[in-house]
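Engineer: Got upload-v4.tsv for you, TSV, C-alpha atoms:
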```tsv
chain	number	residue	atom	x	y	z
A	14	MET	CA	97.63	-186.81	-111.51
A	15	ILE	CA	99.38	-185.36	-108.50
A	16	MET	CA	98.97	-186.94	-105.10
A	17	ILE	CA	100.22	-185.70	-101.73
A	18	THR	CA	103.16	-187.80	-100.58
A	19	ASN	CA	103.38	-189.60	-97.26
A	20	SER	CA	105.60	-186.84	-95.89
A	21	ILE	CA	102.67	-184.46	-96.15
A	22	LEU	CA	99.77	-186.85	-95.75
A	23	SER	CA	99.23	-189.83	-93.51
A	24	ILE	CA	96.05	-191.65	-94.39
A	25	SER	CA	95.92	-193.24	-90.97
A	26	ASN	CA	95.90	-189.79	-89.40
A	27	ILE	CA	92.86	-188.87	-91.45
A	28	LEU	CA	90.83	-192.01	-91.17
A	29	GLY	CA	92.03	-193.38	-87.86
A	30	GLU	CA	93.38	-196.89	-87.40
A	31	ASP	CA	89.97	-198.40	-86.74
A	32	SER	CA	88.47	-196.63	-89.73
A	33	MET	CA	91.12	-198.12	-91.98
A	34	LYS	CA	89.60	-201.52	-91.22
A	35	THR	CA	85.95	-200.49	-91.43
A	36	ARG	CA	85.87	-197.40	-93.58
A	37	VAL	CA	83.02	-194.93	-93.36
A	38	ASN	CA	81.31	-194.81	-96.73
A	39	ARG	CA	80.15	-191.19	-96.96
A	40	TYR	CA	82.44	-188.17	-97.14
A	41	VAL	CA	82.06	-184.48	-97.77
A	42	LEU	CA	84.32	-183.37	-100.62
A	43	ILE	CA	85.67	-179.81	-100.61
A	44	PHE	CA	87.42	-178.01	-103.44
A	45	SER	CA	89.73	-175.45	-101.81
A	46	GLY	CA	91.52	-172.39	-103.13
A	47	TYR	CA	88.56	-170.17	-103.96
A	48	ASN	CA	86.13	-168.45	-101.60
A	49	PRO	CA	88.58	-169.51	-98.86
A	50	ARG	CA	87.06	-167.70	-95.89
A	51	ALA	CA	83.78	-169.55	-96.41
A	52	VAL	CA	85.63	-172.82	-96.94
A	53	TYR	CA	87.53	-172.53	-93.64
A	54	SER	CA	84.32	-171.71	-91.80
A	55	PHE	CA	82.81	-174.86	-93.30
A	56	LEU	CA	85.85	-176.97	-92.40
A	57	ARG	CA	85.64	-175.81	-88.78
A	58	THR	CA	82.01	-176.94	-88.75
A	59	LEU	CA	82.95	-180.33	-90.18
A	60	ASP	CA	85.64	-180.80	-87.54
A	61	TYR	CA	83.31	-179.73	-84.74
A	62	ASN	CA	80.73	-182.28	-85.88
A	63	LYS	CA	83.34	-185.00	-86.48
A	64	THR	CA	82.27	-185.33	-90.10
A	65	ASN	CA	84.40	-187.27	-92.57
A	66	TYR	CA	85.77	-185.08	-95.33
A	67	ALA	CA	88.46	-184.86	-97.97
A	68	ILE	CA	89.93	-181.89	-99.83
A	69	ILE	CA	91.02	-181.32	-103.41
A	70	ALA	CA	93.40	-178.34	-103.52
A	71	LYS	CA	93.58	-175.94	-106.45
A	72	SER	CA	97.40	-175.98	-106.68
A	73	SER	CA	100.61	-176.44	-104.72
A	74	ASP	CA	100.28	-172.75	-103.75
A	75	ASP	CA	96.88	-173.25	-102.15
A	76	ASP	CA	96.84	-171.64	-98.69
A	77	ILE	CA	95.10	-174.75	-97.36
A	78	LEU	CA	98.59	-176.30	-97.18
A	79	LEU	CA	99.50	-173.69	-94.53
A	80	THR	CA	96.72	-174.88	-92.24
A	81	LYS	CA	95.92	-177.88	-90.09
A	82	TYR	CA	93.55	-179.02	-92.85
A	83	LYS	CA	96.46	-179.96	-95.12
A	84	GLU	CA	96.22	-183.48	-93.69
A	85	HIS	CA	92.89	-183.83	-95.45
A	86	VAL	CA	94.23	-182.76	-98.86
A	87	LEU	CA	94.24	-185.94	-100.92
A	88	TYR	CA	94.67	-184.47	-104.38
A	89	ILE	CA	96.26	-181.35	-105.86
A	90	ARG	CA	94.84	-180.28	-109.20
A	91	ASN	CA	97.11	-180.18	-112.24
A	92	THR	CA	95.60	-176.89	-113.34
A	93	GLU	CA	93.81	-174.11	-111.50
A	94	MET	CA	91.25	-174.10	-114.29
A	95	LEU	CA	88.35	-176.47	-113.78
A	96	ASP	CA	89.51	-179.08	-116.26
A	97	TYR	CA	87.04	-181.95	-116.65
A	98	ASN	CA	89.58	-184.78	-116.84
A	99	ASP	CA	91.60	-183.39	-113.95
A	100	ILE	CA	88.52	-183.08	-111.72
A	101	ILE	CA	87.26	-186.56	-112.58
A	102	ASN	CA	90.70	-188.08	-111.95
A	103	GLY	CA	90.88	-186.26	-108.63
A	104	ILE	CA	87.49	-187.54	-107.51
A	105	LEU	CA	88.37	-191.11	-108.49
A	106	LEU	CA	91.69	-190.95	-106.66
A	107	VAL	CA	90.13	-189.53	-103.48
A	108	LYS	CA	87.42	-192.17	-103.66
A	109	ASP	CA	90.10	-194.85	-103.87
A	110	ILE	CA	92.09	-193.43	-100.93
A	111	THR	CA	89.11	-192.98	-98.62
A	112	GLY	CA	87.11	-196.00	-99.70
A	113	ALA	CA	84.09	-193.74	-99.81
A	114	ASP	CA	81.02	-195.01	-101.59
A	115	GLU	CA	79.53	-191.56	-101.88
A	116	PHE	CA	80.64	-187.92	-101.79
A	117	LEU	CA	78.66	-184.80	-100.98
A	118	ILE	CA	80.36	-181.98	-102.88
A	119	ALA	CA	80.34	-178.65	-101.03
A	120	PRO	CA	78.75	-175.90	-103.22
A	121	SER	CA	81.47	-173.46	-102.26
A	122	THR	CA	82.11	-171.23	-105.27
A	123	GLU	CA	80.33	-169.85	-108.30
A	124	GLY	CA	82.76	-171.30	-110.82
A	125	LEU	CA	82.65	-174.74	-109.21
A	126	ASN	CA	78.86	-174.75	-109.00
A	127	ARG	CA	78.48	-173.91	-112.68
A	128	PHE	CA	81.02	-176.61	-113.54
A	129	LEU	CA	79.10	-179.17	-111.47
A	130	LEU	CA	75.84	-178.23	-113.19
A	131	GLN	CA	77.45	-178.43	-116.62
A	132	TYR	CA	78.75	-181.96	-115.99
A	133	ARG	CA	76.11	-183.05	-113.51
A	134	MET	CA	75.24	-186.34	-115.17
A	135	GLU	CA	78.86	-187.47	-115.50
A	136	ILE	CA	79.82	-186.49	-111.96
A	137	GLU	CA	76.73	-188.02	-110.37
A	138	LYS	CA	77.63	-191.33	-112.03
A	139	LEU	CA	80.67	-191.33	-109.73
A	140	ARG	CA	78.29	-191.47	-106.73
A	141	CYS	CA	78.68	-187.78	-106.01
A	142	ILE	CA	75.80	-185.74	-104.62
A	143	ILE	CA	75.57	-182.28	-106.16
A	144	PRO	CA	73.43	-180.26	-103.70
A	145	LEU	CA	72.20	-177.73	-106.24
A	146	VAL	CA	68.91	-177.02	-107.95
A	147	ASP	CA	68.63	-177.54	-111.70
A	148	ARG	CA	70.78	-175.37	-113.95
A	149	GLU	CA	67.92	-173.17	-115.16
A	150	THR	CA	66.81	-172.29	-111.61
A	151	TYR	CA	70.38	-171.72	-110.47
A	152	GLU	CA	71.09	-169.30	-113.31
A	153	LEU	CA	67.76	-167.55	-112.73
A	154	ILE	CA	69.19	-166.47	-109.37
A	155	SER	CA	72.88	-166.17	-110.14
A	156	ASP	CA	72.65	-164.36	-113.49
A	157	LYS	CA	72.24	-160.78	-112.38
A	158	GLN	CA	69.84	-159.46	-114.99
A	159	LYS	CA	67.62	-162.54	-114.78
A	160	PHE	CA	67.30	-162.20	-111.01
A	161	THR	CA	66.78	-158.45	-111.27
A	162	ARG	CA	63.85	-158.96	-113.62
A	163	LEU	CA	62.46	-161.78	-111.48
A	164	CYS	CA	62.54	-159.54	-108.41
A	165	SER	CA	61.03	-156.59	-110.24
A	166	SER	CA	58.15	-158.70	-111.53
A	167	ASN	CA	57.47	-159.86	-107.97
A	168	GLY	CA	57.24	-156.43	-106.40
A	169	ILE	CA	60.82	-156.15	-105.13
A	170	LEU	CA	62.55	-152.82	-105.66
A	171	VAL	CA	65.64	-152.86	-107.91
A	172	PRO	CA	67.96	-150.06	-109.10
A	173	ASP	CA	66.90	-148.24	-112.25
A	174	GLU	CA	68.44	-149.51	-115.47
A	175	LEU	CA	70.33	-146.82	-117.41
A	176	GLU	CA	71.84	-146.13	-120.79
A	177	PHE	CA	75.60	-146.23	-120.50
A	178	SER	CA	77.00	-142.73	-120.83
A	179	ILE	CA	79.26	-140.41	-118.91
A	180	ASN	CA	76.15	-138.55	-117.78
A	181	SER	CA	74.92	-141.71	-115.99
A	182	ILE	CA	77.77	-141.70	-113.44
A	183	PRO	CA	77.72	-143.10	-110.80
A	184	VAL	CA	76.65	-146.34	-112.44
A	185	VAL	CA	77.21	-150.06	-111.93
A	186	ALA	CA	78.02	-152.24	-114.93
A	187	LYS	CA	76.67	-155.74	-114.31
A	188	PRO	CA	77.47	-158.79	-116.44
A	189	LEU	CA	74.65	-160.21	-118.53
A	190	GLN	CA	76.25	-163.64	-118.11
A	191	TYR	CA	78.90	-165.20	-115.89
A	192	TYR	CA	81.24	-165.63	-118.85
A	193	SER	CA	81.89	-163.01	-121.49
A	194	LYS	CA	80.33	-163.79	-124.88
A	195	PHE	CA	83.41	-162.31	-126.51
A	196	SER	CA	86.45	-163.28	-124.41
A	197	GLY	CA	85.06	-166.26	-122.51
A	198	LYS	CA	86.47	-164.82	-119.27
A	199	VAL	CA	84.59	-164.56	-115.98
A	200	LEU	CA	82.98	-161.14	-115.53
A	201	TYR	CA	82.26	-159.23	-112.32
A	202	PRO	CA	80.26	-156.07	-111.61
A	203	VAL	CA	82.19	-152.83	-112.06
A	204	ILE	CA	81.35	-149.67	-110.13
A	205	ILE	CA	81.97	-146.55	-112.21
A	206	LYS	CA	82.12	-143.35	-110.15
A	207	SER	CA	84.24	-140.98	-112.24
A	208	ALA	CA	85.10	-140.01	-115.80
A	209	GLU	CA	88.41	-141.83	-115.34
A	210	ASP	CA	86.53	-145.01	-114.36
A	211	PHE	CA	84.21	-144.55	-117.33
A	212	TYR	CA	86.94	-144.37	-119.98
A	213	ALA	CA	88.99	-147.14	-118.34
A	214	PHE	CA	85.92	-149.41	-118.43
A	215	LYS	CA	85.28	-148.67	-122.12
A	216	GLN	CA	88.87	-149.57	-122.93
A	217	ARG	CA	88.94	-152.79	-120.95
A	218	TYR	CA	85.54	-154.37	-121.64
A	219	ASN	CA	83.10	-155.06	-124.44
A	220	LEU	CA	80.08	-152.94	-123.51
A	221	MET	CA	77.71	-155.58	-124.94
A	222	ASP	CA	78.68	-157.95	-122.09
A	223	PHE	CA	76.95	-155.72	-119.52
A	224	TYR	CA	73.78	-153.95	-118.56
A	225	TYR	CA	73.86	-150.80	-116.45
A	226	GLN	CA	72.14	-149.77	-113.24
A	227	LYS	CA	72.01	-146.68	-111.09
A	228	TYR	CA	74.50	-146.87	-108.22
A	229	ILE	CA	72.68	-147.11	-104.88
A	230	SER	CA	74.38	-145.76	-101.78
A	231	GLY	CA	73.21	-146.41	-98.22
A	232	LYS	CA	73.45	-149.25	-95.73
A	233	SER	CA	74.87	-152.54	-97.03
A	234	ILE	CA	72.94	-155.61	-95.88
A	235	TYR	CA	73.18	-159.34	-96.53
A	236	LEU	CA	70.02	-161.42	-96.12
A	237	LEU	CA	71.16	-165.00	-95.50
A	238	TYR	CA	69.12	-168.14	-96.14
A	239	TYR	CA	69.20	-171.89	-96.26
A	240	PHE	CA	66.12	-173.53	-97.78
A	241	SER	CA	66.03	-177.16	-96.69
A	242	LYS	CA	64.68	-180.06	-98.68
A	243	ASP	CA	61.76	-180.53	-96.25
A	244	GLY	CA	60.61	-176.91	-96.64
A	245	LYS	CA	62.20	-175.30	-93.58
A	246	ILE	CA	63.69	-171.84	-93.97
A	247	PHE	CA	66.73	-170.84	-91.96
A	248	ARG	CA	67.36	-167.10	-91.99
A	249	LEU	CA	69.79	-164.55	-90.61
A	250	SER	CA	71.18	-161.18	-91.69
A	251	GLN	CA	74.29	-159.08	-91.35
A	252	LYS	CA	75.10	-155.40	-91.66
A	253	ASN	CA	78.28	-154.76	-93.60
A	254	LEU	CA	80.46	-152.00	-92.21
A	255	VAL	CA	83.66	-152.11	-94.27
A	256	GLN	CA	84.18	-153.44	-97.78
A	257	GLN	CA	87.03	-153.59	-100.24
A	258	PRO	CA	86.65	-150.90	-102.94
A	259	GLY	CA	84.74	-151.68	-106.11
A	260	GLY	CA	82.17	-153.83	-104.31
A	261	LYS	CA	84.68	-156.59	-103.58
A	262	SER	CA	84.98	-158.68	-100.40
A	263	ILE	CA	83.52	-157.70	-97.05
A	264	ILE	CA	86.14	-156.67	-94.48
A	265	ALA	CA	83.96	-156.11	-91.40
A	266	ALA	CA	80.35	-156.92	-90.54
A	267	VAL	CA	78.03	-157.50	-87.59
A	268	LYS	CA	74.89	-159.55	-87.03
A	269	ALA	CA	71.67	-157.67	-87.81
A	270	ASN	CA	67.91	-158.14	-87.56
A	271	TYR	CA	66.78	-157.41	-91.12
A	272	HIS	CA	65.72	-161.04	-91.54
A	273	LYS	CA	63.00	-160.31	-88.98
A	274	LYS	CA	61.59	-157.44	-91.03
A	275	ASP	CA	58.97	-157.56	-93.77
A	276	ILE	CA	61.60	-157.24	-96.52
A	277	SER	CA	62.81	-160.76	-95.77
A	278	LYS	CA	59.36	-162.24	-96.43
A	279	TYR	CA	59.42	-160.94	-100.00
A	280	TYR	CA	62.55	-162.97	-100.74
A	281	GLU	CA	61.42	-166.02	-98.81
A	282	ASN	CA	58.18	-166.10	-100.80
A	283	LEU	CA	60.05	-165.58	-104.05
A	284	PHE	CA	62.50	-168.43	-103.48
A	285	MET	CA	59.69	-170.75	-102.40
A	286	LYS	CA	57.70	-169.76	-105.49
A	287	ILE	CA	60.48	-170.92	-107.84
A	288	GLY	CA	61.16	-174.05	-105.79
A	289	TYR	CA	64.64	-173.07	-104.67
A	290	LYS	CA	66.56	-175.28	-102.22
A	291	GLY	CA	69.97	-174.66	-100.69
A	292	PHE	CA	72.13	-171.69	-99.72
A	293	VAL	CA	71.49	-168.17	-100.96
A	294	MET	CA	72.63	-164.72	-99.92
A	295	VAL	CA	70.84	-161.60	-101.13
A	296	GLU	CA	72.71	-158.30	-101.06
A	297	VAL	CA	70.43	-155.37	-100.31
A	298	ARG	CA	71.02	-151.62	-100.00
A	299	LEU	CA	68.87	-149.55	-97.66
A	300	CYS	CA	68.60	-146.04	-99.09
A	301	ASN	CA	66.03	-143.41	-98.04
A	302	ASP	CA	64.06	-146.07	-96.13
A	303	GLN	CA	63.77	-148.26	-99.23
A	304	TYR	CA	65.39	-151.66	-99.78
A	305	TYR	CA	67.01	-152.22	-103.18
A	306	MET	CA	68.03	-155.68	-104.37
A	307	ILE	CA	71.64	-155.59	-105.58
A	308	GLU	CA	72.41	-159.24	-106.36
A	309	ALA	CA	72.02	-162.80	-105.09
A	310	ASN	CA	74.57	-165.61	-104.67
A	311	PRO	CA	73.22	-169.21	-104.48
A	312	ARG	CA	76.34	-170.65	-102.82
A	313	PHE	CA	78.57	-170.26	-99.76
A	314	TRP	CA	79.30	-166.60	-98.97
A	315	GLY	CA	82.61	-165.14	-97.77
A	316	PRO	CA	81.74	-163.86	-94.25
A	317	SER	CA	80.29	-167.24	-93.20
A	318	GLN	CA	82.34	-167.25	-90.01
A	319	LEU	CA	79.89	-164.70	-88.62
A	320	PHE	CA	76.93	-167.11	-88.59
A	321	VAL	CA	79.18	-169.86	-87.24
A	322	ASP	CA	80.30	-167.64	-84.35
A	323	VAL	CA	76.74	-166.45	-83.75
A	324	GLY	CA	75.66	-170.06	-83.26
A	325	TYR	CA	73.19	-170.01	-86.15
A	326	ASN	CA	75.17	-172.37	-88.31
A	327	PHE	CA	73.65	-172.81	-91.78
A	328	PHE	CA	76.30	-175.43	-92.51
A	329	GLU	CA	74.79	-177.72	-89.87
A	330	ALA	CA	71.36	-177.38	-91.49
A	331	PHE	CA	73.02	-178.35	-94.79
A	332	LEU	CA	74.78	-181.36	-93.26
A	333	TYR	CA	71.56	-182.55	-91.63
A	334	ASP	CA	69.71	-182.12	-94.93
A	335	TYR	CA	72.08	-184.65	-96.50
A	336	ASP	CA	72.15	-187.07	-93.55
A	337	PHE	CA	75.61	-186.20	-92.25
A	338	LEU	CA	74.15	-185.22	-88.88
A	339	LYS	CA	71.91	-187.67	-87.05
A	340	GLU	CA	70.09	-185.11	-84.92
A	341	THR	CA	68.29	-182.01	-86.08
A	342	PRO	CA	70.62	-179.04	-85.43
A	343	ILE	CA	69.27	-176.40	-83.09
A	344	LEU	CA	69.94	-173.08	-84.78
A	345	LEU	CA	69.43	-170.30	-82.26
A	346	GLU	CA	70.91	-166.83	-82.36
A	347	ASN	CA	72.98	-166.29	-79.23
A	348	ASN	CA	73.24	-162.92	-77.54
A	349	ILE	CA	76.97	-162.62	-78.06
A	350	PRO	CA	77.72	-159.39	-80.01
A	351	SER	CA	79.58	-161.28	-82.73
A	352	LYS	CA	81.66	-159.53	-85.34
A	353	TYR	CA	83.19	-160.63	-88.62
A	354	MET	CA	86.61	-159.35	-89.62
A	355	TRP	CA	89.03	-160.02	-92.46
A	356	TYR	CA	92.07	-157.96	-91.55
A	357	GLY	CA	94.05	-159.27	-94.52
A	358	GLY	CA	91.50	-157.69	-96.84
A	359	PHE	CA	92.00	-154.35	-95.11
A	360	VAL	CA	95.80	-154.66	-95.25
A	361	ASN	CA	95.65	-155.57	-98.95
A	362	THR	CA	93.53	-152.49	-99.66
A	363	VAL	CA	96.04	-150.25	-97.88
A	364	LYS	CA	98.98	-151.88	-99.68
A	365	ARG	CA	97.38	-151.08	-103.04
A	366	GLY	CA	96.95	-147.46	-102.05
A	367	LEU	CA	93.17	-147.70	-102.16
A	368	LEU	CA	90.42	-146.60	-99.79
A	369	ALA	CA	87.98	-149.08	-98.33
A	370	ASP	CA	84.24	-148.35	-98.40
A	371	PHE	CA	82.68	-147.63	-95.00
A	372	PHE	CA	78.98	-148.07	-94.25
A	373	ASP	CA	77.32	-146.99	-91.03
A	374	ILE	CA	80.66	-146.57	-89.25
A	375	GLU	CA	83.21	-143.77	-89.40
A	376	GLU	CA	86.67	-144.69	-90.59
A	377	GLN	CA	88.32	-143.08	-87.54
A	378	ILE	CA	86.15	-145.09	-85.16
A	379	PHE	CA	86.89	-148.32	-87.04
A	380	ILE	CA	90.64	-147.67	-86.91
A	381	LYS	CA	90.44	-146.91	-83.19
A	382	GLU	CA	88.57	-150.17	-82.57
A	383	LEU	CA	90.80	-152.19	-84.91
A	384	PRO	CA	92.54	-154.25	-82.15
A	385	GLU	CA	89.15	-155.48	-80.97
A	386	TRP	CA	88.06	-156.28	-84.52
A	387	ILE	CA	91.24	-158.27	-85.13
A	388	GLU	CA	90.31	-160.56	-82.24
A	389	HIS	CA	87.39	-161.70	-84.41
A	390	ASP	CA	89.47	-162.14	-87.56
A	391	VAL	CA	88.49	-165.15	-89.65
A	392	TYR	CA	92.15	-166.25	-89.94
A	393	ASN	CA	93.39	-165.19	-86.49
A	394	ARG	CA	92.67	-168.65	-85.10
A	395	SER	CA	94.82	-171.64	-84.26
A	396	ASP	CA	93.96	-173.61	-87.42
A	397	THR	CA	94.77	-170.77	-89.87
A	398	ARG	CA	97.21	-168.57	-87.93
A	399	ARG	CA	99.94	-168.90	-90.57
A	400	ILE	CA	97.64	-167.36	-93.17
A	401	PHE	CA	96.81	-164.51	-90.77
A	402	ILE	CA	100.51	-163.76	-90.18
A	403	GLN	CA	101.23	-163.94	-93.90
A	404	GLU	CA	98.40	-161.54	-94.77
A	405	CYS	CA	99.39	-159.04	-92.07
A	406	LYS	CA	102.72	-158.27	-93.71
A	407	LEU	CA	102.65	-154.81	-95.22
```
Output the file's structure as structure tokens, nothing else.
Structural biologist:
Amino acid sequence: MIMITNSILSISNILGEDSMKTRVNRYVLIFSGYNPRAVYSFLRTLDYNKTNYAIIAKSSDDDILLTKYKEHVLYIRNTEMLDYNDIINGILLVKDITGADEFLIAPSTEGLNRFLLQYRMEIEKLRCIIPLVDRETYELISDKQKFTRLCSSNGILVPDELEFSINSIPVVAKPLQYYSKFSGKVLYPVIIKSAEDFYAFKQRYNLMDFYYQKYISGKSIYLLYYFSKDGKIFRLSQKNLVQQPGGKSIIAAVKANYHKKDISKYYENLFMKIGYKGFVMVEVRLCNDQYYMIEANPRFWGPSQLFVDVGYNFFEAFLYDYDFLKETPILLENNIPSKYMWYGGFVNTVKRGLLADFFDIEEQIFIKELPEWIEHDVYNRSDTRRIFIQECKL
């Protein structure tokens, strides 16, 4: 086990002198290092609501140690892999340091969520709340082909499935499962737009790990939901304007009104039908006035700072659901024209000599407006400014 030393961590700073005498029993536990932009948005919400929390960092290189939140890091993992013994030891150590009787584990990343579901019984014995549906329901949404077929059977439009050949280009290769049956590695969707992409994909991957869909161009939309335990539905949407190539992370987005349109009702009814509770983001493409389901993620999503800035904070609904907020949060969309920006993602794309994908905005206009966008950057804030400066270096 590795524990932060007193030079880095002062327990009294975290708990407060009075709390050291009468410790609060319930804490939120965050695993940092992956899906970081969502994690920092969540941490800001916890601080704003004066919620007790502790952090387990992925490694000594975790960017969390560059932020003000380093004071809440009580354990650094021995391996970046989700090792069972390492995770259990970390939870026990943090429990001992905080005196917490119970932890609510933040469902922040796909890998973590699947790990928690795999070892649910063992982890819950440590008085940890795992705020996830059962494994079968979770995978029904997260496994791309399963959710595609579920949507299709419920009247939701999905991209056509194709045979994989060079004549199918452009095509998207989507994993049949989160982990490869052959290598055991995590798999991600691959967009294939050229003959060069096609042959590179055949060389790198086992074709039996994937199924193949027609590539859908058009507007990129996220439908955002939190389904509470008492049946309430919190909803919002965003229009994505700039994305890293290959369908990777969103660079720039704005609040939208697609959650007020009929398309949202289809998904709301579907999730209620299968008894889903918790966070979920559905990626949709609007092409020729038709909405195509691309994928769904039943966890925190990267551009979460947008809904925090908008004032429609799903995290507060989550915290209230698990009794970390005493009063029902009032989630109202403000009229501020909020934007989401991850400038580091744009810089990284340029450094690699790649071109970002632009939706519903011209590249020249985006570049001209870049100084204004940077003001909204997820890291360009007092608590994470060192990360922002580090990522800006070309």
Engineer: When you look at A:Ser193 with a cut-off of 12 Å (counting only C-alpha atoms), what residues show up, excluding the ones that are within fewer than 2 positions of it in the same chain? I need them as an mmCIF file with C-alpha atoms, keeping the file's coordinate frame.
Structural biologist:
```
data_model
loop_
_atom_site.group_PDB
_atom_site.id
_atom_site.type_symbol
_atom_site.label_atom_id
_atom_site.label_comp_id
_atom_site.auth_asym_id
_atom_site.auth_seq_id
_atom_site.Cartn_x
_atom_site.Cartn_y
_atom_site.Cartn_z
ATOM 1 C CA LYS A 187 76.670 -155.740 -114.310
ATOM 2 C CA PRO A 188 77.470 -158.790 -116.440
ATOM 3 C CA LEU A 189 74.650 -160.210 -118.530
ATOM 4 C CA GLN A 190 76.250 -163.640 -118.110
ATOM 5 C CA TYR A 191 78.900 -165.200 -115.890
ATOM 6 C CA PHE A 195 83.410 -162.310 -126.510
ATOM 7 C CA SER A 196 86.450 -163.280 -124.410
ATOM 8 C CA GLY A 197 85.060 -166.260 -122.510
ATOM 9 C CA LYS A 198 86.470 -164.820 -119.270
ATOM 10 C CA VAL A 199 84.590 -164.560 -115.980
ATOM 11 C CA LEU A 200 82.980 -161.140 -115.530
ATOM 12 C CA TYR A 201 82.260 -159.230 -112.320
ATOM 13 C CA TYR A 218 85.540 -154.370 -121.640
ATOM 14 C CA ASN A 219 83.100 -155.060 -124.440
ATOM 15 C CA LEU A 220 80.080 -152.940 -123.510
ATOM 16 C CA MET A 221 77.710 -155.580 -124.940
ATOM 17 C CA ASP A 222 78.680 -157.950 -122.090
ATOM 18 C CA PHE A 223 76.950 -155.720 -119.520
#
```
Engineer: For A:Glu340, list every protein, DNA or RNA residue within 12 Å, evaluated using only C-alpha atoms, and leave out those in the same chain fewer than 4 positions away; present the list as a list in words.
Structural biologist: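 In the requested format, the answer is Asn62, Glu329, Ala330, Leu332, Tyr333, Asp334, Tyr335 and Asp336 of chain A.
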Engineer: Write out as a list in words which residues come within 7 Å of stretch 113-125 of chain A when counting all atoms listed in the file, dropping same-chain ones fewer than 5 positions away.
Structural biologist: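 Contacts, in chain order: Val37, Asn38, Arg39, Tyr40, Val41, Leu42, Ile43, Tyr47, Asn48, Val52, Lys108, Arg140, Cys141, Ile142, Ile143, Pro144, Arg312 and Phe313 of chain A.
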Engineer: Between atom CA of A:Ile110 and atom CA of A:Asp75, what is the spacing in Å?
Structural biologist: 20.8 Å
Engineer: Tell me which of A:Ala186, A:Ala67, A:Leu59, A:Met134 sits closest to A:Phe44, counting all atoms listed in the file.
Structural biologist: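 So, comparing all the options, the nearest one is A:Ala67.
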Engineer: Which neighbours of A:Leu249 fall inside 12 Å, counting all atoms listed in the file, when residues of the same chain fewer than 2 positions from it are skipped, and could you give them as JSON, numbers by chain?
Structural biologist: {"A": [234, 235, 236, 237, 238, 239, 246, 247, 251, 252, 267, 268, 269, 270, 271, 272, 273, 274, 277, 281, 292, 293, 294, 295, 317, 319, 320, 321, 323, 324, 325, 326, 327, 344, 345, 346, 347]}
Engineer: Just write the chosen residues, C-alpha atoms, as an mmCIF file, keeping the file's coordinate frame.
Structural biologist:
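And here is the file that came out, out_35.cif:
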```cif
data_model
loop_
_atom_site.group_PDB
_atom_site.id
_atom_site.type_symbol
_atom_site.label_atom_id
_atom_site.label_comp_id
_atom_site.auth_asym_id
_atom_site.auth_seq_id
_atom_site.Cartn_x
_atom_site.Cartn_y
_atom_site.Cartn_z
ATOM 1 C CA ILE A 234 72.940 -155.610 -95.880
ATOM 2 C CA TYR A 235 73.180 -159.340 -96.530
ATOM 3 C CA LEU A 236 70.020 -161.420 -96.120
ATOM 4 C CA LEU A 237 71.160 -165.000 -95.500
ATOM 5 C CA TYR A 238 69.120 -168.140 -96.140
ATOM 6 C CA TYR A 239 69.200 -171.890 -96.260
ATOM 7 C CA ILE A 246 63.690 -171.840 -93.970
ATOM 8 C CA PHE A 247 66.730 -170.840 -91.960
ATOM 9 C CA GLN A 251 74.290 -159.080 -91.350
ATOM 10 C CA LYS A 252 75.100 -155.400 -91.660
ATOM 11 C CA VAL A 267 78.030 -157.500 -87.590
ATOM 12 C CA LYS A 268 74.890 -159.550 -87.030
ATOM 13 C CA ALA A 269 71.670 -157.670 -87.810
ATOM 14 C CA ASN A 270 67.910 -158.140 -87.560
ATOM 15 C CA TYR A 271 66.780 -157.410 -91.120
ATOM 16 C CA HIS A 272 65.720 -161.040 -91.540
ATOM 17 C CA LYS A 273 63.000 -160.310 -88.980
ATOM 18 C CA LYS A 274 61.590 -157.440 -91.030
ATOM 19 C CA SER A 277 62.810 -160.760 -95.770
ATOM 20 C CA GLU A 281 61.420 -166.020 -98.810
ATOM 21 C CA PHE A 292 72.130 -171.690 -99.720
ATOM 22 C CA VAL A 293 71.490 -168.170 -100.960
ATOM 23 C CA MET A 294 72.630 -164.720 -99.920
ATOM 24 C CA VAL A 295 70.840 -161.600 -101.130
ATOM 25 C CA SER A 317 80.290 -167.240 -93.200
ATOM 26 C CA LEU A 319 79.890 -164.700 -88.620
ATOM 27 C CA PHE A 320 76.930 -167.110 -88.590
ATOM 28 C CA VAL A 321 79.180 -169.860 -87.240
ATOM 29 C CA VAL A 323 76.740 -166.450 -83.750
ATOM 30 C CA GLY A 324 75.660 -170.060 -83.260
ATOM 31 C CA TYR A 325 73.190 -170.010 -86.150
ATOM 32 C CA ASN A 326 75.170 -172.370 -88.310
ATOM 33 C CA PHE A 327 73.650 -172.810 -91.780
ATOM 34 C CA LEU A 344 69.940 -173.080 -84.780
ATOM 35 C CA LEU A 345 69.430 -170.300 -82.260
ATOM 36 C CA GLU A 346 70.910 -166.830 -82.360
ATOM 37 C CA ASN A 347 72.980 -166.290 -79.230
#
```
Engineer: Looking at A:Ile307, A:Ala266, A:Ile100, A:Ile387, which one is nearest to A:Ser351, with distances taken over all atoms listed in the file?
Structural biologist: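 Checking each candidate against A:Ser351, we get A:Ala266 as the closest.
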Engineer: I want to know what sits within 10 Å of A:Ile263, based on only C-alpha atoms, with residues of the same chain fewer than 5 positions away left out; could you give that as a list in words?
Structural biologist: Asn253, Leu254, Val255, Gln256, Gln257, Pro258, Gly315, Pro316, Tyr353, Met354, Trp355, Gly358, Phe359, Ala369 and Asp370 of chain A
Engineer: One decimal, Å: what's the distance from atom CA of A:His389 over to atom CA of A:Ile374, could you say?
Structural biologist: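 Those two atoms sit 17.3 Å apart.
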